[in-house]
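J.: Structure file my_file-v1.tsv (TSV, C-alpha atoms and all ligand atoms) is given on the next line.
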chain	number	residue	atom	x	y	z
A	14	MET	CA	17.48	-2.34	8.00
A	15	SER	CA	20.52	-3.99	6.42
A	16	GLY	CA	20.17	-7.69	5.65
A	17	ARG	CA	16.40	-7.46	5.90
A	18	GLY	CA	14.46	-9.08	3.07
A	19	ARG	CA	11.93	-7.27	0.95
A	20	PHE	CA	8.26	-7.25	1.89
A	21	ILE	CA	5.87	-7.04	-1.06
A	22	THR	CA	2.08	-7.13	-0.73
A	23	PHE	CA	-0.64	-7.74	-3.29
A	24	GLU	CA	-3.98	-5.99	-2.95
A	25	GLY	CA	-7.14	-5.59	-4.95
A	26	PRO	CA	-10.92	-5.96	-5.04
A	27	GLU	CA	-12.65	-9.34	-5.41
A	28	GLY	CA	-11.70	-11.16	-8.63
A	29	SER	CA	-8.75	-8.88	-9.42
A	30	GLY	CA	-6.45	-11.84	-10.14
A	31	LYS	CA	-3.94	-10.78	-7.46
A	32	SER	CA	-3.44	-14.31	-6.08
A	33	THR	CA	-2.52	-15.62	-9.53
A	34	GLN	CA	-0.16	-12.69	-10.00
A	35	LEU	CA	1.46	-13.34	-6.62
A	36	ARG	CA	2.09	-16.97	-7.61
A	37	LEU	CA	3.57	-15.96	-10.97
A	38	LEU	CA	5.85	-13.39	-9.34
A	39	GLY	CA	6.96	-15.95	-6.75
A	40	GLU	CA	7.94	-18.40	-9.51
A	41	ARG	CA	9.81	-15.74	-11.43
A	42	LEU	CA	11.69	-14.47	-8.38
A	43	ARG	CA	12.71	-18.02	-7.40
A	44	LYS	CA	14.03	-18.61	-10.92
A	45	ALA	CA	16.07	-15.41	-10.50
A	46	GLY	CA	17.62	-16.87	-7.34
A	47	HIS	CA	15.54	-15.30	-4.58
A	48	ASP	CA	14.42	-17.15	-1.48
A	49	VAL	CA	10.69	-16.40	-1.40
A	50	LEU	CA	8.03	-16.92	1.27
A	51	GLU	CA	4.40	-16.67	0.14
A	52	THR	CA	1.70	-15.96	2.67
A	53	GLN	CA	-1.93	-14.91	2.76
A	54	GLU	CA	-4.36	-12.86	4.85
A	55	PRO	CA	-6.53	-13.66	6.54
A	56	GLY	CA	-4.66	-16.94	6.96
A	57	GLY	CA	-1.02	-17.76	6.32
A	58	THR	CA	-0.37	-19.67	9.56
A	59	PRO	CA	-2.35	-22.67	10.86
A	60	ILE	CA	-3.99	-20.41	13.48
A	61	GLY	CA	-4.64	-17.72	10.88
A	62	THR	CA	-6.28	-20.31	8.66
A	63	GLN	CA	-8.70	-21.18	11.47
A	64	ILE	CA	-9.46	-17.47	11.92
A	65	ARG	CA	-9.98	-17.20	8.14
A	66	HIS	CA	-12.73	-19.81	8.31
A	67	VAL	CA	-14.58	-17.82	10.98
A	68	LEU	CA	-14.19	-14.59	9.00
A	69	LEU	CA	-15.22	-15.84	5.59
A	70	ASP	CA	-17.72	-18.62	6.28
A	71	ALA	CA	-20.93	-17.47	4.61
A	72	LYS	CA	-22.89	-18.95	7.54
A	73	ASN	CA	-21.41	-16.39	10.00
A	74	ARG	CA	-23.78	-13.62	9.01
A	75	GLU	CA	-24.06	-12.24	12.55
A	76	LEU	CA	-20.33	-11.44	12.84
A	77	CYS	CA	-20.27	-7.72	13.75
A	78	PRO	CA	-17.92	-5.23	12.01
A	79	THR	CA	-15.77	-4.70	15.11
A	80	ALA	CA	-15.28	-8.45	15.64
A	81	GLU	CA	-14.45	-8.74	11.94
A	82	LEU	CA	-11.84	-5.97	12.27
A	83	LEU	CA	-10.25	-7.54	15.36
A	84	LEU	CA	-10.12	-11.00	13.82
A	85	MET	CA	-8.38	-9.61	10.73
A	86	PHE	CA	-5.70	-8.22	13.02
A	87	ALA	CA	-5.55	-11.37	15.16
A	88	SER	CA	-4.72	-13.35	12.03
A	89	ARG	CA	-2.21	-10.65	10.99
A	90	ALA	CA	-0.46	-10.53	14.38
A	91	GLN	CA	0.08	-14.30	14.18
A	92	ASN	CA	1.33	-14.06	10.59
A	93	VAL	CA	3.72	-11.21	11.42
A	94	ASP	CA	5.17	-12.99	14.47
A	95	GLN	CA	5.30	-16.53	13.20
A	96	LEU	CA	6.14	-16.10	9.51
A	97	ILE	CA	6.78	-12.62	8.17
A	98	LEU	CA	9.28	-11.09	10.61
A	99	PRO	CA	11.42	-14.25	10.91
A	100	ALA	CA	11.54	-14.58	7.11
A	101	LEU	CA	12.50	-10.92	6.62
A	102	SER	CA	15.17	-11.20	9.31
A	103	ALA	CA	16.59	-14.19	7.44
A	104	GLY	CA	16.85	-12.01	4.33
A	105	ARG	CA	14.00	-13.74	2.47
A	106	THR	CA	11.59	-11.98	0.12
A	107	VAL	CA	8.06	-12.12	1.53
A	108	LEU	CA	5.01	-11.94	-0.76
A	109	SER	CA	1.71	-11.47	1.05
A	110	ASP	CA	-1.69	-11.86	-0.55
A	111	ARG	CA	-3.32	-8.88	1.26
A	112	PHE	CA	-2.12	-7.02	4.39
A	113	THR	CA	-3.21	-3.96	6.40
A	114	ASP	CA	-4.26	-2.02	3.28
A	115	SER	CA	-7.07	-4.57	2.89
A	116	THR	CA	-8.32	-3.73	6.37
A	117	LEU	CA	-8.08	-0.04	5.59
A	118	VAL	CA	-10.28	-0.33	2.51
A	119	TYR	CA	-12.67	-3.15	3.51
A	120	GLN	CA	-13.23	-2.41	7.22
A	121	GLY	CA	-12.08	1.23	7.40
A	122	VAL	CA	-13.91	2.45	4.29
A	123	GLY	CA	-16.21	-0.41	3.20
A	124	ARG	CA	-17.64	-0.96	6.69
A	125	GLY	CA	-17.17	2.70	7.64
A	126	LEU	CA	-15.08	2.03	10.76
A	127	GLY	CA	-12.58	4.72	9.77
A	128	ALA	CA	-8.84	4.77	9.20
A	129	ASP	CA	-7.77	5.76	12.74
A	130	VAL	CA	-8.81	2.52	14.42
A	131	VAL	CA	-7.15	0.53	11.62
A	132	TYR	CA	-3.83	2.35	12.07
A	133	GLU	CA	-4.06	1.97	15.85
A	134	LEU	CA	-4.52	-1.79	15.61
A	135	ASP	CA	-1.82	-1.99	12.95
A	136	ARG	CA	0.60	-0.35	15.38
A	137	ILE	CA	-0.13	-3.10	17.93
A	138	ALA	CA	-0.26	-6.09	15.58
A	139	CYS	CA	2.48	-5.19	13.09
A	140	ARG	CA	4.79	-3.15	15.32
A	141	GLY	CA	5.97	-0.80	12.59
A	142	LEU	CA	6.16	-3.32	9.77
A	143	ILE	CA	5.12	-1.61	6.53
A	144	PRO	CA	5.36	-3.21	3.08
A	145	ASP	CA	8.27	-2.02	0.94
A	146	LEU	CA	6.04	-2.24	-2.11
A	147	THR	CA	2.31	-2.76	-2.55
A	148	LEU	CA	0.80	-3.76	-5.87
A	149	VAL	CA	-2.89	-2.98	-6.20
A	150	ILE	CA	-4.39	-4.96	-9.06
A	151	ASP	CA	-7.16	-2.61	-10.07
A	152	ILE	CA	-10.40	-3.87	-11.53
A	153	ASP	CA	-13.90	-2.50	-11.88
A	154	ALA	CA	-16.03	-3.77	-8.98
A	155	GLU	CA	-18.70	-5.44	-11.16
A	156	ALA	CA	-16.16	-7.04	-13.51
A	157	GLY	CA	-14.19	-8.37	-10.55
A	158	LEU	CA	-17.27	-9.79	-8.85
A	159	ALA	CA	-18.33	-11.48	-12.09
A	160	ARG	CA	-14.88	-13.07	-12.34
A	161	ALA	CA	-15.00	-14.18	-8.71
A	162	HIS	CA	-18.42	-15.76	-9.30
A	163	ARG	CA	-17.19	-17.60	-12.39
A	164	ARG	CA	-14.23	-18.91	-10.42
A	165	GLY	CA	-16.64	-19.90	-7.65
A	166	ALA	CA	-18.85	-21.81	-10.08
A	167	ARG	CA	-15.80	-23.77	-11.27
A	168	THR	CA	-14.82	-24.75	-7.73
A	169	ALA	CA	-18.37	-25.20	-6.43
A	170	GLY	CA	-18.61	-27.82	-3.71
A	171	SER	CA	-15.06	-27.25	-2.51
A	172	GLU	CA	-14.24	-25.52	0.74
A	173	THR	CA	-13.29	-22.26	-0.97
A	174	ARG	CA	-16.88	-21.82	-2.09
A	175	SER	CA	-18.13	-21.33	1.46
A	176	GLU	CA	-15.63	-18.44	1.86
A	177	THR	CA	-18.02	-15.85	0.51
A	178	ARG	CA	-19.27	-13.84	3.51
A	179	ILE	CA	-17.48	-10.62	2.52
A	180	GLU	CA	-17.67	-11.22	-1.24
A	181	GLU	CA	-21.48	-11.36	-0.81
A	182	GLN	CA	-21.67	-7.71	0.30
A	183	ASP	CA	-23.60	-5.50	-2.10
A	184	VAL	CA	-22.03	-3.88	-5.14
A	185	ALA	CA	-21.95	-0.45	-3.43
A	186	PHE	CA	-19.65	-1.93	-0.76
A	187	HIS	CA	-17.29	-3.29	-3.42
A	188	ARG	CA	-17.33	0.03	-5.30
A	189	ARG	CA	-16.23	1.79	-2.09
A	190	VAL	CA	-13.43	-0.75	-1.72
A	191	ARG	CA	-12.20	-0.19	-5.26
A	192	GLU	CA	-12.29	3.59	-4.93
A	193	ALA	CA	-10.45	3.41	-1.60
A	194	TYR	CA	-7.66	1.38	-3.22
A	195	ARG	CA	-7.35	3.97	-5.99
A	196	GLN	CA	-7.24	6.75	-3.42
A	197	LEU	CA	-4.58	4.89	-1.45
A	198	ALA	CA	-2.44	4.55	-4.57
A	199	ALA	CA	-2.77	8.30	-5.15
A	200	ASP	CA	-2.00	9.15	-1.51
A	201	GLU	CA	0.98	6.79	-1.13
A	202	SER	CA	2.33	6.78	-4.65
A	203	LYS	CA	5.85	5.80	-3.59
A	204	ARG	CA	4.86	2.56	-1.89
A	205	VAL	CA	1.59	1.70	-3.64
A	206	ARG	CA	1.45	0.99	-7.40
A	207	LEU	CA	-1.81	0.70	-9.26
A	208	ILE	CA	-1.75	-2.00	-11.92
A	209	ASP	CA	-4.43	-2.37	-14.58
A	210	GLY	CA	-5.98	-5.77	-13.86
A	211	SER	CA	-8.31	-5.74	-16.88
A	212	GLN	CA	-5.53	-6.89	-19.24
A	213	THR	CA	-4.48	-10.47	-19.97
A	214	ARG	CA	-2.78	-12.46	-17.21
A	215	GLU	CA	0.53	-12.22	-19.07
A	216	ALA	CA	0.28	-8.46	-19.59
A	217	VAL	CA	-0.53	-7.90	-15.92
A	218	ALA	CA	2.41	-10.14	-14.93
A	219	GLU	CA	4.74	-7.99	-17.03
A	220	GLN	CA	3.53	-4.84	-15.28
A	221	VAL	CA	4.04	-6.53	-11.92
A	222	TRP	CA	7.55	-7.63	-12.88
A	223	HIS	CA	8.41	-4.17	-14.08
A	224	ALA	CA	7.26	-2.65	-10.77
A	225	VAL	CA	9.16	-5.21	-8.71
A	226	ALA	CA	12.23	-6.32	-10.61
A	227	LEU	CA	14.25	-3.16	-11.06
A	228	PRO	CA	15.13	-2.39	-7.46
A	229	ILE	CA	15.73	-6.05	-6.47
A	230	THR	CA	19.11	-7.76	-6.44
A	231	PRO	CA	19.45	-11.37	-5.21
A	232	GLY	CA	20.97	-12.02	-1.79
B	1	LIG	P1	-9.18	-13.26	-0.60
B	1	LIG	O1	-10.40	-13.80	-1.28
B	1	LIG	O2	-8.40	-12.32	-1.42
B	1	LIG	O3	-8.35	-14.34	0.03
B	1	LIG	O4	-9.70	-12.33	0.60
B	1	LIG	C1	-10.62	-12.80	1.50
B	1	LIG	C2	-11.66	-11.79	1.82
B	1	LIG	O5	-11.32	-11.11	3.02
B	1	LIG	C3	-11.92	-10.71	0.78
B	1	LIG	O6	-13.33	-10.57	0.65
B	1	LIG	C4	-11.32	-9.48	1.39
B	1	LIG	C5	-11.49	-9.72	2.86
B	1	LIG	N1	-10.53	-9.04	3.75
B	1	LIG	C6	-10.98	-7.98	4.53
B	1	LIG	O7	-12.15	-7.61	4.47
B	1	LIG	N2	-10.09	-7.35	5.36
B	1	LIG	C7	-8.78	-7.73	5.48
B	1	LIG	O8	-8.03	-7.14	6.25
B	1	LIG	C8	-8.34	-8.85	4.67
B	1	LIG	C9	-6.92	-9.31	4.79
B	1	LIG	C10	-9.24	-9.46	3.83
Render the structure in this file as structure tokens.

T.:
Amino acid sequence: MSGRGRFITFEGPEGSGKSTQLRLLGERLRKAGHDVLETQEPGGTPIGTQIRHVLLDAKNRELCPTAELLLMFASRAQNVDQLILPALSAGRTVLSDRFTDSTLVYQGVGRGLGADVVYELDRIACRGLIPDLTLVIDIDAEAGLARAHRRGARTAGSETRSETRIEEQDVAFHRRVREAYRQLAADESKRVRLIDGSQTREAVAEQVWHAVALPITPG
């Protein structure tokens, strides 16, 4: 599509550092003259943020896997319609902290719902929108969880700390998620780049920049 902006997504297991990397990339792209929109899933829009609370509130233990799957896509449909497609049409660069690949690995593989239902819902909610580039910040499941817990301890008492319902799944769940991301990167090597998240923040940022910067020209 000529004039369409670039759509870049960040993915990774818990505690991978992808949100920090997204922020750093956003700053660097803006300095290089790009008009950047940052969004997040679940969340992004005001309605998506309300859905995020339902999905991640640790108190909602009875939420069933199918409701979880549908709510992920409800949030995504709103994000695609309200923020992402208009921004891309206006030629902006869109950075999203998670997108359909998260649903593929967490609900499709982690929960065992399968890939077919995820792709079917993606077709309805995203209407053919596929990221131009996906950066998977890869980290060992245990190391990532330990990082996420340390971050949680630092922000204890704040609202973010109640957002742990999925993070609290057992380690086997998070290992499946990590392996599914690695498999995805192998299966879709053109779109999906695996980035070693165990390095320093600066070293990871350089890898991200290298993956993103070359094909991009402002305007
Ligand atoms: P975050 O901590 O990276 O913001 O992600 C929130 C949680 O939601 C995280 O545990 C991953 C999970 N998630 C899914 O399970 N499926 C999805 O489709 C998305 C977008 C997130």

J.: Just the residues within 8 Å of Gly61 of chain A, please, counting only C-alpha atoms, with nothing from its chain fewer than 4 positions along; format it as a list in words.

T.: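 Counting only C-alpha atoms, the residues come to Glu54, Pro55, Gly56, Gly57, Arg65, Ala87, Ser88, Arg89, Gln91 and Asn92 of chain A.
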
J.: Could you give me, as an MDAnalysis selection string, the residues within 9 Å of segment 99-107 of chain A, counting all atoms listed in the file and dropping anything in the same chain fewer than 2 positions from it?

T.: chainID A and resid 16:22 42 47:52 93:97 109 232

J.: Using all atoms listed in the file, which residues of chain A come within 9 Å of ligand LIG 1 (chain B), and what is the closest atom pair for each, with the distance in Å to one decimal? Give it as JSON lines, sorted by chain and residue number.

T.:
{"residue": "A:Glu24", "atom": "CA", "partner": "B:LIG1", "partner_atom": "O2", "distance": 7.9}
{"residue": "A:Gly25", "atom": "CA", "partner": "B:LIG1", "partner_atom": "O2", "distance": 7.7}
{"residue": "A:Pro26", "atom": "CA", "partner": "B:LIG1", "partner_atom": "C4", "distance": 7.3}
{"residue": "A:Glu27", "atom": "CA", "partner": "B:LIG1", "partner_atom": "O6", "distance": 6.2}
{"residue": "A:Gly28", "atom": "CA", "partner": "B:LIG1", "partner_atom": "O1", "distance": 7.9}
{"residue": "A:Ser29", "atom": "CA", "partner": "B:LIG1", "partner_atom": "O2", "distance": 8.7}
{"residue": "A:Gly30", "atom": "CA", "partner": "B:LIG1", "partner_atom": "O2", "distance": 8.9}
{"residue": "A:Lys31", "atom": "CA", "partner": "B:LIG1", "partner_atom": "O2", "distance": 7.7}
{"residue": "A:Ser32", "atom": "CA", "partner": "B:LIG1", "partner_atom": "O2", "distance": 7.1}
{"residue": "A:Gln53", "atom": "CA", "partner": "B:LIG1", "partner_atom": "O3", "distance": 7.0}
{"residue": "A:Glu54", "atom": "CA", "partner": "B:LIG1", "partner_atom": "C9", "distance": 4.4}
{"residue": "A:Pro55", "atom": "CA", "partner": "B:LIG1", "partner_atom": "C9", "distance": 4.7}
{"residue": "A:Gly56", "atom": "CA", "partner": "B:LIG1", "partner_atom": "C9", "distance": 8.2}
{"residue": "A:Arg65", "atom": "CA", "partner": "B:LIG1", "partner_atom": "C1", "distance": 8.0}
{"residue": "A:Leu68", "atom": "CA", "partner": "B:LIG1", "partner_atom": "O5", "distance": 7.5}
{"residue": "A:Leu69", "atom": "CA", "partner": "B:LIG1", "partner_atom": "C2", "distance": 6.6}
{"residue": "A:Glu81", "atom": "CA", "partner": "B:LIG1", "partner_atom": "O7", "distance": 7.9}
{"residue": "A:Leu82", "atom": "CA", "partner": "B:LIG1", "partner_atom": "O8", "distance": 7.2}
{"residue": "A:Leu84", "atom": "CA", "partner": "B:LIG1", "partner_atom": "O8", "distance": 8.8}
{"residue": "A:Met85", "atom": "CA", "partner": "B:LIG1", "partner_atom": "O8", "distance": 5.1}
{"residue": "A:Phe86", "atom": "CA", "partner": "B:LIG1", "partner_atom": "O8", "distance": 7.2}
{"residue": "A:Ser88", "atom": "CA", "partner": "B:LIG1", "partner_atom": "C9", "distance": 8.6}
{"residue": "A:Arg89", "atom": "CA", "partner": "B:LIG1", "partner_atom": "C9", "distance": 7.9}
{"residue": "A:Asp110", "atom": "CA", "partner": "B:LIG1", "partner_atom": "O2", "distance": 6.8}
{"residue": "A:Arg111", "atom": "CA", "partner": "B:LIG1", "partner_atom": "C9", "distance": 5.1}
{"residue": "A:Phe112", "atom": "CA", "partner": "B:LIG1", "partner_atom": "C9", "distance": 5.3}
{"residue": "A:Thr113", "atom": "CA", "partner": "B:LIG1", "partner_atom": "O8", "distance": 5.8}
{"residue": "A:Asp114", "atom": "CA", "partner": "B:LIG1", "partner_atom": "O8", "distance": 7.0}
{"residue": "A:Ser115", "atom": "CA", "partner": "B:LIG1", "partner_atom": "O8", "distance": 4.3}
{"residue": "A:Thr116", "atom": "CA", "partner": "B:LIG1", "partner_atom": "O8", "distance": 3.4}
{"residue": "A:Leu117", "atom": "CA", "partner": "B:LIG1", "partner_atom": "O8", "distance": 7.1}
{"residue": "A:Val118", "atom": "CA", "partner": "B:LIG1", "partner_atom": "N2", "distance": 7.6}
{"residue": "A:Tyr119", "atom": "CA", "partner": "B:LIG1", "partner_atom": "O7", "distance": 4.6}
{"residue": "A:Gln120", "atom": "CA", "partner": "B:LIG1", "partner_atom": "O7", "distance": 6.0}
{"residue": "A:Gly123", "atom": "CA", "partner": "B:LIG1", "partner_atom": "O7", "distance": 8.4}
{"residue": "A:Arg124", "atom": "CA", "partner": "B:LIG1", "partner_atom": "O7", "distance": 8.9}
{"residue": "A:Ala161", "atom": "CA", "partner": "B:LIG1", "partner_atom": "O1", "distance": 8.7}
{"residue": "A:Thr173", "atom": "CA", "partner": "B:LIG1", "partner_atom": "O1", "distance": 8.9}
{"residue": "A:Glu176", "atom": "CA", "partner": "B:LIG1", "partner_atom": "C1", "distance": 7.6}
{"residue": "A:Thr177", "atom": "CA", "partner": "B:LIG1", "partner_atom": "O6", "distance": 7.1}
{"residue": "A:Arg178", "atom": "CA", "partner": "B:LIG1", "partner_atom": "O6", "distance": 7.4}
{"residue": "A:Ile179", "atom": "CA", "partner": "B:LIG1", "partner_atom": "O6", "distance": 4.6}
{"residue": "A:Glu180", "atom": "CA", "partner": "B:LIG1", "partner_atom": "O6", "distance": 4.8}
{"residue": "A:Glu181", "atom": "CA", "partner": "B:LIG1", "partner_atom": "O6", "distance": 8.3}
{"residue": "A:Gln182", "atom": "CA", "partner": "B:LIG1", "partner_atom": "O6", "distance": 8.8}

J.: Could the residues in this selection be written to a file with C-alpha atoms, as an mmCIF file, in the coordinates of the input?

T.:
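So the final result, stored in again.cif, reads:
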data_model
loop_
_atom_site.group_PDB
_atom_site.id
_atom_site.type_symbol
_atom_site.label_atom_id
_atom_site.label_comp_id
_atom_site.auth_asym_id
_atom_site.auth_seq_id
_atom_site.Cartn_x
_atom_site.Cartn_y
_atom_site.Cartn_z
ATOM 1 C CA GLU A 24 -3.980 -5.990 -2.950
ATOM 2 C CA GLY A 25 -7.140 -5.590 -4.950
ATOM 3 C CA PRO A 26 -10.920 -5.960 -5.040
ATOM 4 C CA GLU A 27 -12.650 -9.340 -5.410
ATOM 5 C CA GLY A 28 -11.700 -11.160 -8.630
ATOM 6 C CA SER A 29 -8.750 -8.880 -9.420
ATOM 7 C CA GLY A 30 -6.450 -11.840 -10.140
ATOM 8 C CA LYS A 31 -3.940 -10.780 -7.460
ATOM 9 C CA SER A 32 -3.440 -14.310 -6.080
ATOM 10 C CA GLN A 53 -1.930 -14.910 2.760
ATOM 11 C CA GLU A 54 -4.360 -12.860 4.850
ATOM 12 C CA PRO A 55 -6.530 -13.660 6.540
ATOM 13 C CA GLY A 56 -4.660 -16.940 6.960
ATOM 14 C CA ARG A 65 -9.980 -17.200 8.140
ATOM 15 C CA LEU A 68 -14.190 -14.590 9.000
ATOM 16 C CA LEU A 69 -15.220 -15.840 5.590
ATOM 17 C CA GLU A 81 -14.450 -8.740 11.940
ATOM 18 C CA LEU A 82 -11.840 -5.970 12.270
ATOM 19 C CA LEU A 84 -10.120 -11.000 13.820
ATOM 20 C CA MET A 85 -8.380 -9.610 10.730
ATOM 21 C CA PHE A 86 -5.700 -8.220 13.020
ATOM 22 C CA SER A 88 -4.720 -13.350 12.030
ATOM 23 C CA ARG A 89 -2.210 -10.650 10.990
ATOM 24 C CA ASP A 110 -1.690 -11.860 -0.550
ATOM 25 C CA ARG A 111 -3.320 -8.880 1.260
ATOM 26 C CA PHE A 112 -2.120 -7.020 4.390
ATOM 27 C CA THR A 113 -3.210 -3.960 6.400
ATOM 28 C CA ASP A 114 -4.260 -2.020 3.280
ATOM 29 C CA SER A 115 -7.070 -4.570 2.890
ATOM 30 C CA THR A 116 -8.320 -3.730 6.370
ATOM 31 C CA LEU A 117 -8.080 -0.040 5.590
ATOM 32 C CA VAL A 118 -10.280 -0.330 2.510
ATOM 33 C CA TYR A 119 -12.670 -3.150 3.510
ATOM 34 C CA GLN A 120 -13.230 -2.410 7.220
ATOM 35 C CA GLY A 123 -16.210 -0.410 3.200
ATOM 36 C CA ARG A 124 -17.640 -0.960 6.690
ATOM 37 C CA ALA A 161 -15.000 -14.180 -8.710
ATOM 38 C CA THR A 173 -13.290 -22.260 -0.970
ATOM 39 C CA GLU A 176 -15.630 -18.440 1.860
ATOM 40 C CA THR A 177 -18.020 -15.850 0.510
ATOM 41 C CA ARG A 178 -19.270 -13.840 3.510
ATOM 42 C CA ILE A 179 -17.480 -10.620 2.520
ATOM 43 C CA GLU A 180 -17.670 -11.220 -1.240
ATOM 44 C CA GLU A 181 -21.480 -11.360 -0.810
ATOM 45 C CA GLN A 182 -21.670 -7.710 0.300
#

J.: If I take atom CA of Leu98 of chain A and atom CA of Leu142 of chain A, how far is one from the other in Å, to one decimal?

T.: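 Those two atoms sit 8.4 Å apart.
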
J.: Set out as CSV a contact list for segment 86-191 of chain A and segment 210-224 of chain A with a cut-off of 7 Å, giving each residue of segment 86-191 of chain A that qualifies its closest atom pair and distance in Å to one decimal, counting only C-alpha atoms, ordered by chain and rising residue number.

T.:
residue,atom,partner,partner_atom,distance
A:Ile150,CA,A:Gly210,CA,5.1
A:Asp151,CA,A:Gly210,CA,5.1
A:Ile152,CA,A:Gly210,CA,5.3

J.: Given the choices A:Leu148, A:Ile143, A:Ala166, A:Leu134, which gets closest to Phe23 of chain A if the distance is worked out from all atoms listed in the file?

T.: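 Looking only at the distances to Phe23 of chain A, the closest residue turns out to be A:Leu148.
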
J.: Padding of 6 Å on every side, edges along x, y and z, all listed atoms of segment 141-147 of chain A included: what centre and edge lengths in Å, to one decimal, does that box have, as AutoDock Vina command-line options?

T.:
--center_x 5.3 --center_y -2.1 --center_z 5.0 --size_x 18.0 --size_y 14.5 --size_z 27.1

J.: For atom CA of Gln63 of chain A and atom CA of Thr79 of chain A, quote the distance in Å rounded to one decimal.

T.: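 Between atom CA of Gln63 of chain A and atom CA of Thr79 of chain A the gap is 18.3 Å.
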
J.: Do you have the atom CA of Pro59 of chain A-atom CA of Ala90 of chain A distance handy?

T.: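 One can read the atom CA of Pro59 of chain A to atom CA of Ala90 of chain A distance as 12.8 Å.
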
J.: Given all atoms listed in the file as the basis, pick out the residue of A:Cys139, A:Val184, A:Val205, A:Leu108 nearest to Gly157 of chain A.

T.: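 Nearest to Gly157 of chain A: A:Val184.
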
J.: Could you check the closest approach to Gln196 of chain A for each of A:Val225, A:Val131, A:Val67, A:Val149 and tell me which residue wins, using all atoms listed in the file?

T.: A:Val149

J.: Determine the nearest neighbour of Thr147 of chain A from the options A:Ser202, A:Gly125, A:His162, A:Arg167, counting only C-alpha atoms.

T.: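 Closest candidate: A:Ser202.
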
J.: May I ask you to restore N, CA, C and O atoms in segment 199-211 of chain A and write the result as a compact mmCIF listing (two decimals), in the frame of the given file?

T.:
# COMPACT_ATOMS: atom_id res chain seq x y z
N ALA A 199 -3.05 6.87 -4.90
CA ALA A 199 -2.77 8.30 -5.15
C ALA A 199 -2.08 8.93 -3.93
O ALA A 199 -1.13 9.71 -4.07
N ASP A 200 -2.54 8.56 -2.73
CA ASP A 200 -2.00 9.15 -1.51
C ASP A 200 -0.59 8.66 -1.18
O ASP A 200 0.21 9.37 -0.59
N GLU A 201 -0.33 7.38 -1.49
CA GLU A 201 0.98 6.79 -1.13
C GLU A 201 1.67 6.29 -2.38
O GLU A 201 2.01 5.10 -2.49
N SER A 202 1.89 7.19 -3.32
CA SER A 202 2.33 6.78 -4.65
C SER A 202 3.73 6.15 -4.66
O SER A 202 4.08 5.44 -5.58
N LYS A 203 4.52 6.41 -3.63
CA LYS A 203 5.85 5.80 -3.59
C LYS A 203 5.78 4.31 -3.28
O LYS A 203 6.48 3.50 -3.88
N ARG A 204 4.96 3.96 -2.31
CA ARG A 204 4.86 2.56 -1.89
C ARG A 204 3.84 1.77 -2.70
O ARG A 204 4.02 0.58 -2.97
N VAL A 205 2.73 2.42 -3.07
CA VAL A 205 1.59 1.70 -3.64
C VAL A 205 1.48 1.94 -5.14
O VAL A 205 1.31 3.08 -5.57
N ARG A 206 1.56 0.87 -5.94
CA ARG A 206 1.45 0.99 -7.40
C ARG A 206 0.14 0.40 -7.87
O ARG A 206 -0.22 -0.71 -7.48
N LEU A 207 -0.55 1.16 -8.70
CA LEU A 207 -1.81 0.70 -9.26
C LEU A 207 -1.51 0.00 -10.57
O LEU A 207 -0.84 0.55 -11.44
N ILE A 208 -2.01 -1.22 -10.71
CA ILE A 208 -1.75 -2.00 -11.92
C ILE A 208 -3.09 -2.35 -12.57
O ILE A 208 -4.02 -2.78 -11.88
N ASP A 209 -3.17 -2.14 -13.86
CA ASP A 209 -4.43 -2.37 -14.58
C ASP A 209 -4.71 -3.87 -14.70
O ASP A 209 -4.07 -4.57 -15.48
N GLY A 210 -5.68 -4.34 -13.92
CA GLY A 210 -5.98 -5.77 -13.86
C GLY A 210 -6.94 -6.24 -14.95
O GLY A 210 -7.31 -7.41 -14.98
N SER A 211 -7.34 -5.33 -15.85
CA SER A 211 -8.31 -5.74 -16.88
C SER A 211 -7.61 -6.37 -18.09
O SER A 211 -8.26 -6.87 -19.01
